[in-house]
file protein.pdb (PDB, C-alpha atoms, pLDDT in the B column)
ATOM      1  CA  MET J 934      17.283 -19.677  -2.906  1.00 43.00           C
ATOM      2  CA  ALA J 935      16.283 -16.560  -4.850  1.00 44.00           C
ATOM      3  CA  MET J 936      18.841 -14.343  -6.512  1.00 51.00           C
ATOM      4  CA  GLN J 937      19.238 -11.059  -4.719  1.00 55.00           C
ATOM      5  CA  THR J 938      20.676  -7.651  -5.373  1.00 58.00           C
ATOM      6  CA  LEU J 939      22.210  -5.661  -2.549  1.00 50.00           C
ATOM      7  CA  THR J 940      23.304  -2.058  -2.961  1.00 52.00           C
ATOM      8  CA  ASP J 941      24.348   0.972  -0.916  1.00 48.00           C
ATOM      9  CA  ASN J 942      26.239  -0.924   1.770  1.00 62.00           C
ATOM     10  CA  ASP J 943      23.572  -3.612   1.909  1.00 85.00           C
ATOM     11  CA  THR J 944      20.772  -1.168   2.768  1.00 95.00           C
ATOM     12  CA  GLN J 945      18.736  -2.135  -0.317  1.00 96.00           C
ATOM     13  CA  LEU J 946      17.499  -5.650  -0.990  1.00 96.00           C
ATOM     14  CA  ILE J 947      15.903  -6.177  -4.406  1.00 96.00           C
ATOM     15  CA  LEU J 948      14.181  -9.487  -5.109  1.00 96.00           C
ATOM     16  CA  VAL J 949      12.133  -8.755  -8.218  1.00 96.00           C
ATOM     17  CA  GLN J 950      10.526 -11.543 -10.284  1.00 96.00           C
ATOM     18  CA  GLN J 951      11.682 -14.390  -8.059  1.00 95.00           C
ATOM     19  CA  ASN J 952       8.284 -16.149  -7.783  1.00 95.00           C
ATOM     20  CA  LEU J 953       8.406 -15.703  -3.989  1.00 96.00           C
ATOM     21  CA  ARG J 954       5.407 -16.577  -1.816  1.00 95.00           C
ATOM     22  CA  SER J 955       7.232 -15.476   1.333  1.00 95.00           C
ATOM     23  CA  LEU J 956      10.753 -14.437   2.213  1.00 95.00           C
ATOM     24  CA  HIS J 957      12.998 -17.323   3.197  1.00 94.00           C
ATOM     25  CA  PRO J 958      13.905 -17.202   6.926  1.00 96.00           C
ATOM     26  CA  GLU J 959      17.613 -17.262   6.075  1.00 95.00           C
ATOM     27  CA  LEU J 960      17.237 -14.087   3.971  1.00 94.00           C
ATOM     28  CA  VAL J 961      15.275 -12.419   6.758  1.00 96.00           C
ATOM     29  CA  LYS J 962      17.919 -13.355   9.319  1.00 95.00           C
ATOM     30  CA  ARG J 963      20.767 -12.159   7.095  1.00 95.00           C
ATOM     31  CA  HIS J 964      19.269  -8.811   6.019  1.00 96.00           C
ATOM     32  CA  ALA J 965      16.552  -7.672   8.439  1.00 96.00           C
ATOM     33  CA  GLU J 966      18.851  -5.652  10.691  1.00 95.00           C
ATOM     34  CA  HIS J 967      20.192  -3.293   8.024  1.00 96.00           C
ATOM     35  CA  VAL J 968      17.872  -3.166   4.979  1.00 97.00           C
ATOM     36  CA  GLU J 969      16.129   0.186   4.515  1.00 97.00           C
ATOM     37  CA  LEU J 970      14.672  -0.425   1.044  1.00 97.00           C
ATOM     38  CA  LEU J 971      13.054  -3.742   0.125  1.00 97.00           C
ATOM     39  CA  ASP J 972      11.711  -4.314  -3.394  1.00 98.00           C
ATOM     40  CA  LEU J 973       9.686  -7.503  -3.853  1.00 97.00           C
ATOM     41  CA  SER J 974       7.862  -6.480  -7.030  1.00 98.00           C
ATOM     42  CA  HIS J 975       6.502  -9.070  -9.463  1.00 98.00           C
ATOM     43  CA  ASN J 976       6.294 -11.986  -7.039  1.00 97.00           C
ATOM     44  CA  CYS J 977       3.381 -14.009  -5.600  1.00 96.00           C
ATOM     45  CA  LEU J 978       3.569 -13.091  -1.916  1.00 96.00           C
ATOM     46  CA  LYS J 979       1.019 -14.755   0.353  1.00 94.00           C
ATOM     47  CA  ASP J 980       2.592 -14.215   3.783  1.00 94.00           C
ATOM     48  CA  LEU J 981       4.040 -10.930   5.046  1.00 96.00           C
ATOM     49  CA  SER J 982       4.501 -11.823   8.721  1.00 95.00           C
ATOM     50  CA  TRP J 983       8.309 -11.770   8.381  1.00 96.00           C
ATOM     51  CA  LEU J 984       8.260  -8.040   7.543  1.00 97.00           C
ATOM     52  CA  ALA J 985       8.134  -7.203  11.255  1.00 95.00           C
ATOM     53  CA  GLU J 986      11.780  -8.329  11.495  1.00 96.00           C
ATOM     54  CA  PHE J 987      12.897  -5.455   9.222  1.00 97.00           C
ATOM     55  CA  GLU J 988      13.196  -2.773  11.889  1.00 95.00           C
ATOM     56  CA  GLN J 989      15.224  -0.397   9.671  1.00 96.00           C
ATOM     57  CA  LEU J 990      12.861  -0.640   6.695  1.00 97.00           C
ATOM     58  CA  ARG J 991      11.861   2.794   5.350  1.00 98.00           C
ATOM     59  CA  HIS J 992      10.800   1.928   1.763  1.00 98.00           C
ATOM     60  CA  LEU J 993       8.756  -1.124   0.779  1.00 98.00           C
ATOM     61  CA  VAL J 994       7.837  -1.947  -2.820  1.00 98.00           C
ATOM     62  CA  LEU J 995       5.261  -4.717  -3.285  1.00 98.00           C
ATOM     63  CA  ASP J 996       4.014  -3.910  -6.791  1.00 98.00           C
ATOM     64  CA  ASN J 997       2.493  -6.685  -8.919  1.00 98.00           C
ATOM     65  CA  ASN J 998       2.074  -9.347  -6.250  1.00 97.00           C
ATOM     66  CA  ARG J 999      -1.653 -10.028  -6.534  1.00 96.00           C
ATOM     67  CA  LEU J1000      -1.924  -8.838  -2.925  1.00 97.00           C
ATOM     68  CA  HIS J1001      -5.227  -8.058  -1.268  1.00 95.00           C
ATOM     69  CA  GLU J1002      -6.377  -7.278   2.258  1.00 97.00           C
ATOM     70  CA  ALA J1003      -5.865 -10.867   3.513  1.00 96.00           C
ATOM     71  CA  GLN J1004      -2.127 -10.715   2.837  1.00 96.00           C
ATOM     72  CA  LEU J1005      -1.800  -7.467   4.807  1.00 96.00           C
ATOM     73  CA  ARG J1006      -3.524  -9.184   7.729  1.00 96.00           C
ATOM     74  CA  THR J1007      -0.648 -11.702   7.942  1.00 96.00           C
ATOM     75  CA  LEU J1008       1.509  -8.842   9.204  1.00 94.00           C
ATOM     76  CA  THR J1009       0.474  -8.643  12.853  1.00 91.00           C
ATOM     77  CA  GLN J1010       3.069  -6.149  14.069  1.00 95.00           C
ATOM     78  CA  SER J1011       3.236  -2.552  12.891  1.00 96.00           C
ATOM     79  CA  LEU J1012       6.211  -1.001  11.102  1.00 97.00           C
ATOM     80  CA  PRO J1013       6.251   2.545  12.509  1.00 97.00           C
ATOM     81  CA  GLN J1014       9.508   3.408  10.720  1.00 97.00           C
ATOM     82  CA  LEU J1015       8.093   2.761   7.223  1.00 98.00           C
ATOM     83  CA  GLU J1016       7.681   5.974   5.208  1.00 98.00           C
ATOM     84  CA  VAL J1017       7.144   4.759   1.613  1.00 98.00           C
ATOM     85  CA  LEU J1018       4.768   1.971   0.568  1.00 98.00           C
ATOM     86  CA  MET J1019       4.249   0.989  -3.062  1.00 98.00           C
ATOM     87  CA  LEU J1020       1.317  -1.380  -3.648  1.00 98.00           C
ATOM     88  CA  ASN J1021       0.675  -0.723  -7.342  1.00 97.00           C
ATOM     89  CA  LYS J1022      -1.091  -3.271  -9.557  1.00 96.00           C
ATOM     90  CA  ASN J1023      -2.356  -5.557  -6.828  1.00 97.00           C
ATOM     91  CA  GLU J1024      -5.908  -6.632  -5.955  1.00 97.00           C
ATOM     92  CA  PHE J1025      -6.966  -4.325  -3.115  1.00 97.00           C
ATOM     93  CA  SER J1026     -10.716  -3.958  -3.520  1.00 95.00           C
ATOM     94  CA  ASP J1027     -12.118  -2.649  -0.209  1.00 96.00           C
ATOM     95  CA  LEU J1028     -11.025   0.929   0.462  1.00 96.00           C
ATOM     96  CA  PRO J1029     -12.154   1.173   4.132  1.00 97.00           C
ATOM     97  CA  SER J1030     -10.596  -2.191   5.070  1.00 97.00           C
ATOM     98  CA  THR J1031      -7.377  -1.438   3.214  1.00 98.00           C
ATOM     99  CA  MET J1032      -7.033   1.957   4.889  1.00 98.00           C
ATOM    100  CA  ARG J1033      -7.714   0.523   8.369  1.00 97.00           C
ATOM    101  CA  LEU J1034      -4.963  -2.048   7.814  1.00 98.00           C
ATOM    102  CA  ILE J1035      -2.483   0.447   6.370  1.00 98.00           C
ATOM    103  CA  ARG J1036      -3.171   2.955   9.170  1.00 98.00           C
ATOM    104  CA  ARG J1037      -2.599   0.247  11.826  1.00 97.00           C
ATOM    105  CA  LEU J1038       0.447  -1.355  10.198  1.00 97.00           C
ATOM    106  CA  PHE J1039       2.229   1.742   8.853  1.00 98.00           C
ATOM    107  CA  PRO J1040       1.298   4.645  11.174  1.00 97.00           C
ATOM    108  CA  ASN J1041       3.990   7.034   9.919  1.00 97.00           C
ATOM    109  CA  LEU J1042       3.534   6.525   6.203  1.00 97.00           C
ATOM    110  CA  GLN J1043       4.357   9.588   4.097  1.00 98.00           C
ATOM    111  CA  TYR J1044       4.085   8.176   0.569  1.00 98.00           C
ATOM    112  CA  LEU J1045       1.560   5.615  -0.656  1.00 98.00           C
ATOM    113  CA  SER J1046       0.847   4.433  -4.185  1.00 98.00           C
ATOM    114  CA  LEU J1047      -2.096   2.199  -5.098  1.00 97.00           C
ATOM    115  CA  HIS J1048      -2.281   2.667  -8.888  1.00 94.00           C
ATOM    116  CA  GLY J1049      -3.829  -0.227 -10.752  1.00 93.00           C
ATOM    117  CA  ASN J1050      -5.831  -1.611  -7.814  1.00 95.00           C
ATOM    118  CA  PRO J1051      -9.624  -1.910  -7.964  1.00 93.00           C
ATOM    119  CA  ILE J1052      -9.890   0.678  -5.148  1.00 93.00           C
ATOM    120  CA  CYS J1053      -7.930   3.280  -7.113  1.00 91.00           C
ATOM    121  CA  PRO J1054     -10.111   4.950  -9.765  1.00 86.00           C
ATOM    122  CA  ASP J1055      -7.204   6.379 -11.686  1.00 74.00           C
ATOM    123  CA  GLY J1056      -8.009   4.894 -15.078  1.00 59.00           C
ATOM    124  CA  LEU J1057      -4.819   2.831 -15.179  1.00 53.00           C
ATOM    125  CA  GLU J1058      -5.527  -0.765 -16.160  1.00 48.00           C
ATOM    126  CA  LEU J1059      -8.713  -0.994 -14.119  1.00 47.00           C
ATOM    127  CA  GLN J1060     -10.794  -3.039 -16.539  1.00 50.00           C
ATOM    128  CA  PRO J1061     -13.131  -4.731 -15.782  1.00 54.00           C
ATOM    129  CA  PHE J1062     -13.339  -3.001 -12.405  1.00 53.00           C
ATOM    130  CA  SER J1063     -13.761   0.626 -13.464  1.00 52.00           C
ATOM    131  CA  GLY J1064     -17.419   0.156 -14.372  1.00 53.00           C
ATOM    132  CA  TYR J1065     -18.221  -0.933 -10.839  1.00 49.00           C
ATOM    133  CA  LEU J1066     -16.502   1.808  -8.865  1.00 50.00           C
ATOM    134  CA  ARG J1067     -18.966   4.004  -6.977  1.00 45.00           C
ATOM    135  CA  TYR J1068     -16.645   6.881  -6.299  1.00 52.00           C
ATOM    136  CA  ASP J1069     -14.178   8.958  -8.184  1.00 78.00           C
ATOM    137  CA  TYR J1070     -10.530   9.785  -7.632  1.00 83.00           C
ATOM    138  CA  ALA J1071     -11.325  12.908  -5.586  1.00 83.00           C
ATOM    139  CA  TYR J1072     -13.350  10.878  -3.117  1.00 86.00           C
ATOM    140  CA  TYR J1073     -10.673   8.158  -3.023  1.00 91.00           C
ATOM    141  CA  SER J1074      -7.790  10.569  -2.431  1.00 90.00           C
ATOM    142  CA  ASN J1075      -9.646  12.555   0.205  1.00 91.00           C
ATOM    143  CA  TYR J1076     -10.737   9.381   1.991  1.00 93.00           C
ATOM    144  CA  ILE J1077      -7.119   8.242   2.164  1.00 96.00           C
ATOM    145  CA  ALA J1078      -5.894  11.695   3.241  1.00 95.00           C
ATOM    146  CA  GLN J1079      -8.384  11.642   6.129  1.00 94.00           C
ATOM    147  CA  SER J1080      -7.359   8.075   7.042  1.00 95.00           C
ATOM    148  CA  LEU J1081      -3.593   8.658   7.028  1.00 96.00           C
ATOM    149  CA  SER J1082      -2.800  11.910   8.800  1.00 93.00           C
ATOM    150  CA  LYS J1083       0.957  11.909   8.050  1.00 96.00           C
ATOM    151  CA  LEU J1084       0.629  11.106   4.356  1.00 97.00           C
ATOM    152  CA  LYS J1085       2.273  13.712   2.082  1.00 97.00           C
ATOM    153  CA  PHE J1086       2.113  12.015  -1.341  1.00 97.00           C
ATOM    154  CA  LEU J1087      -0.537   9.723  -2.802  1.00 97.00           C
ATOM    155  CA  ASP J1088      -0.085   7.895  -6.098  1.00 94.00           C
ATOM    156  CA  HIS J1089       1.193  10.690  -8.344  1.00 84.00           C
ATOM    157  CA  GLY J1090       0.814  13.886  -6.373  1.00 90.00           C
ATOM    158  CA  LEU J1091       0.779  15.843  -3.164  1.00 93.00           C
ATOM    159  CA  VAL J1092      -1.949  15.026  -0.661  1.00 90.00           C
ATOM    160  CA  GLN J1093      -4.476  17.811  -0.346  1.00 80.00           C
ATOM    161  CA  ARG J1094      -6.639  17.741   2.748  1.00 74.00           C
ATOM    162  CA  THR J1095      -9.440  19.985   1.571  1.00 66.00           C
ATOM    163  CA  TYR J1096     -12.488  17.887   2.371  1.00 55.00           C
ATOM    164  CA  GLN J1097     -13.824  15.949   5.294  1.00 53.00           C
ATOM    165  CA  TYR J1098     -16.186  13.142   4.409  1.00 49.00           C
ATOM    166  CA  GLU J1099     -19.083  11.990   6.492  1.00 48.00           C
ATOM    167  CA  SER J1100     -21.764   9.411   5.858  1.00 45.00           C
ATOM    168  CA  PHE J1101     -23.332  10.024   2.440  1.00 47.00           C
ATOM    169  CA  PRO J1102     -26.739   9.186   0.967  1.00 45.00           C
ATOM    170  CA  ILE J1103     -26.923   7.439  -2.415  1.00 46.00           C
ATOM    171  CA  ASN J1104     -28.349   9.425  -5.345  1.00 46.00           C
ATOM    172  CA  SER J1105     -30.667   8.036  -8.014  1.00 43.00           C
ATOM    173  CA  TYR J1106     -27.677   7.057 -10.185  1.00 44.00           C
ATOM    174  CA  GLY J1107     -26.233   4.773  -7.507  1.00 47.00           C
ATOM    175  CA  LYS J1108     -23.433   7.191  -6.595  1.00 47.00           C
ATOM    176  CA  GLN J1109     -22.852   8.460  -3.110  1.00 49.00           C
ATOM    177  CA  LEU J1110     -23.536  12.131  -2.649  1.00 47.00           C
ATOM    178  CA  ILE J1111     -20.460  13.817  -1.277  1.00 47.00           C
ATOM    179  CA  LYS J1112     -20.898  16.237   1.579  1.00 44.00           C
ATOM    180  CA  THR J1113     -17.790  18.364   1.897  1.00 41.00           C
ATOM    181  CA  THR J1114     -16.493  20.618   4.581  1.00 40.00           C
ATOM    182  CA  SER J1115     -13.469  22.820   3.953  1.00 38.00           C
ATOM    183  CA  PHE J1116     -10.850  22.939   6.672  1.00 36.00           C
TER     184      PHE J1116
END
call {"tool": "encode", "arguments": {"input": "protein.pdb", "output": "structure tokens"}}
result
Amino acid sequence: MAMQTLTDNDTQLILVQQNLRSLHPELVKRHAEHVELLDLSHNCLKDLSWLAEFEQLRHLVLDNNRLHEAQLRTLTQSLPQLEVLMLNKNEFSDLPSTMRLIRRLFPNLQYLSLHGNPICPDGLELQPFSGYLRYDYAYYSNYIAQSLSKLKFLDHGLVQRTYQYESFPINSYGKQLIKTTSF
């Protein structure tokens, strides 16, 4: 069984770099009722279905897990209590699909970080993906702000809901033209 770190009266469970593909049922049974912060960074998670058992979970850190949309789909029940979701340095590559999943699974999310994913054009370790992105960070952040109405922080800053995006034509350079409407 993986080594674990529990802190703050067992409200934080930290299982970093344990080569986990899923969380062992015994760990879920033992900790799901009281853990508020779960850090599973630097693992190899393939199945997230067990997350639904963590009814007190407010903060979830899944950085560096090679996650993509398919792994989020293994979680079939929403976690309405979750406020903070860290998905940095994973493999999320489809912004609309990722946002639909996050909106359905984490409806009350207030903080989201997606640095280092192909969908996040932030310039942080995006090679070789950065050359293929068809939108910039402003489009990305506004798209997410429109998708997640309760979000307050995205990646490294406050969410600013200044634009509403509609369907856009493609210009001669292969980039979508952005039609903006101020609120």
call {"tool": "resolve_selection", "arguments": {"input": "protein.pdb", "expression": "the PyMOL selection byres ((chain J and resi 1047) around 9)", "output": "list in words"}}
result
Asp996, Leu1018, Met1019, Leu1020, Asn1021, Lys1022, Asn1023, Phe1025, Leu1045, Ser1046, His1048, Gly1049, Asn1050, Ile1052, Cys1053, Leu1087 and Asp1088 of chain J
call {"tool": "resolve_selection", "arguments": {"input": "protein.pdb", "expression": "the PyMOL selection byres ((chain J and resi 998-1008) around 9)", "output": "PyMOL selection string"}}
result
chain J and resi 973-985+995-997+1009-1011+1020-1027+1030-1031+1034-1035+1038
call {"tool": "residues_around", "arguments": {"input": "protein.pdb", "residues": "J:Asn1041", "least_positions_apart": "5", "cutoff": "12 Å", "atoms": "only C-alpha atoms", "output": "VMD selection string"}}
result
chain J and resid 991 to 992 1011 to 1018 1035 to 1036 1080 to 1085
call {"tool": "atom_distance", "arguments": {"input": "protein.pdb", "atom1": "atom CA of J:Phe1039", "atom2": "atom CA of J:Val994"}}
result
13.5 Å
call {"tool": "atom_distance", "arguments": {"input": "protein.pdb", "atom1": "atom CA of J:Asn1075", "atom2": "atom CA of J:Gly1090"}}
result
12.4 Å
call {"tool": "atom_distance", "arguments": {"input": "protein.pdb", "atom1": "atom CA of J:Phe1086", "atom2": "atom CA of J:Gln989"}}
result
21.1 Å
call {"tool": "resolve_selection", "arguments": {"input": "protein.pdb", "expression": "the PyMOL selection byres ((chain J and resi 958-966) around 8)", "output": "NGL selection string"}}
result
:J and (943 or 946 or 956-957 or 967-968 or 983 or 986-989)
call {"tool": "closest_residue", "arguments": {"input": "protein.pdb", "among": "J:Ser955, J:Gln1079, J:Gln950, J:Gln945", "to": "J:Leu970", "atoms": "only C-alpha atoms"}}
result
J:Gln945
call {"tool": "closest_residue", "arguments": {"input": "protein.pdb", "among": "J:Met1032, J:Leu993, J:Asn952, J:Asp1055", "to": "J:Ala1078", "atoms": "all atoms listed in the file"}}
result
J:Met1032
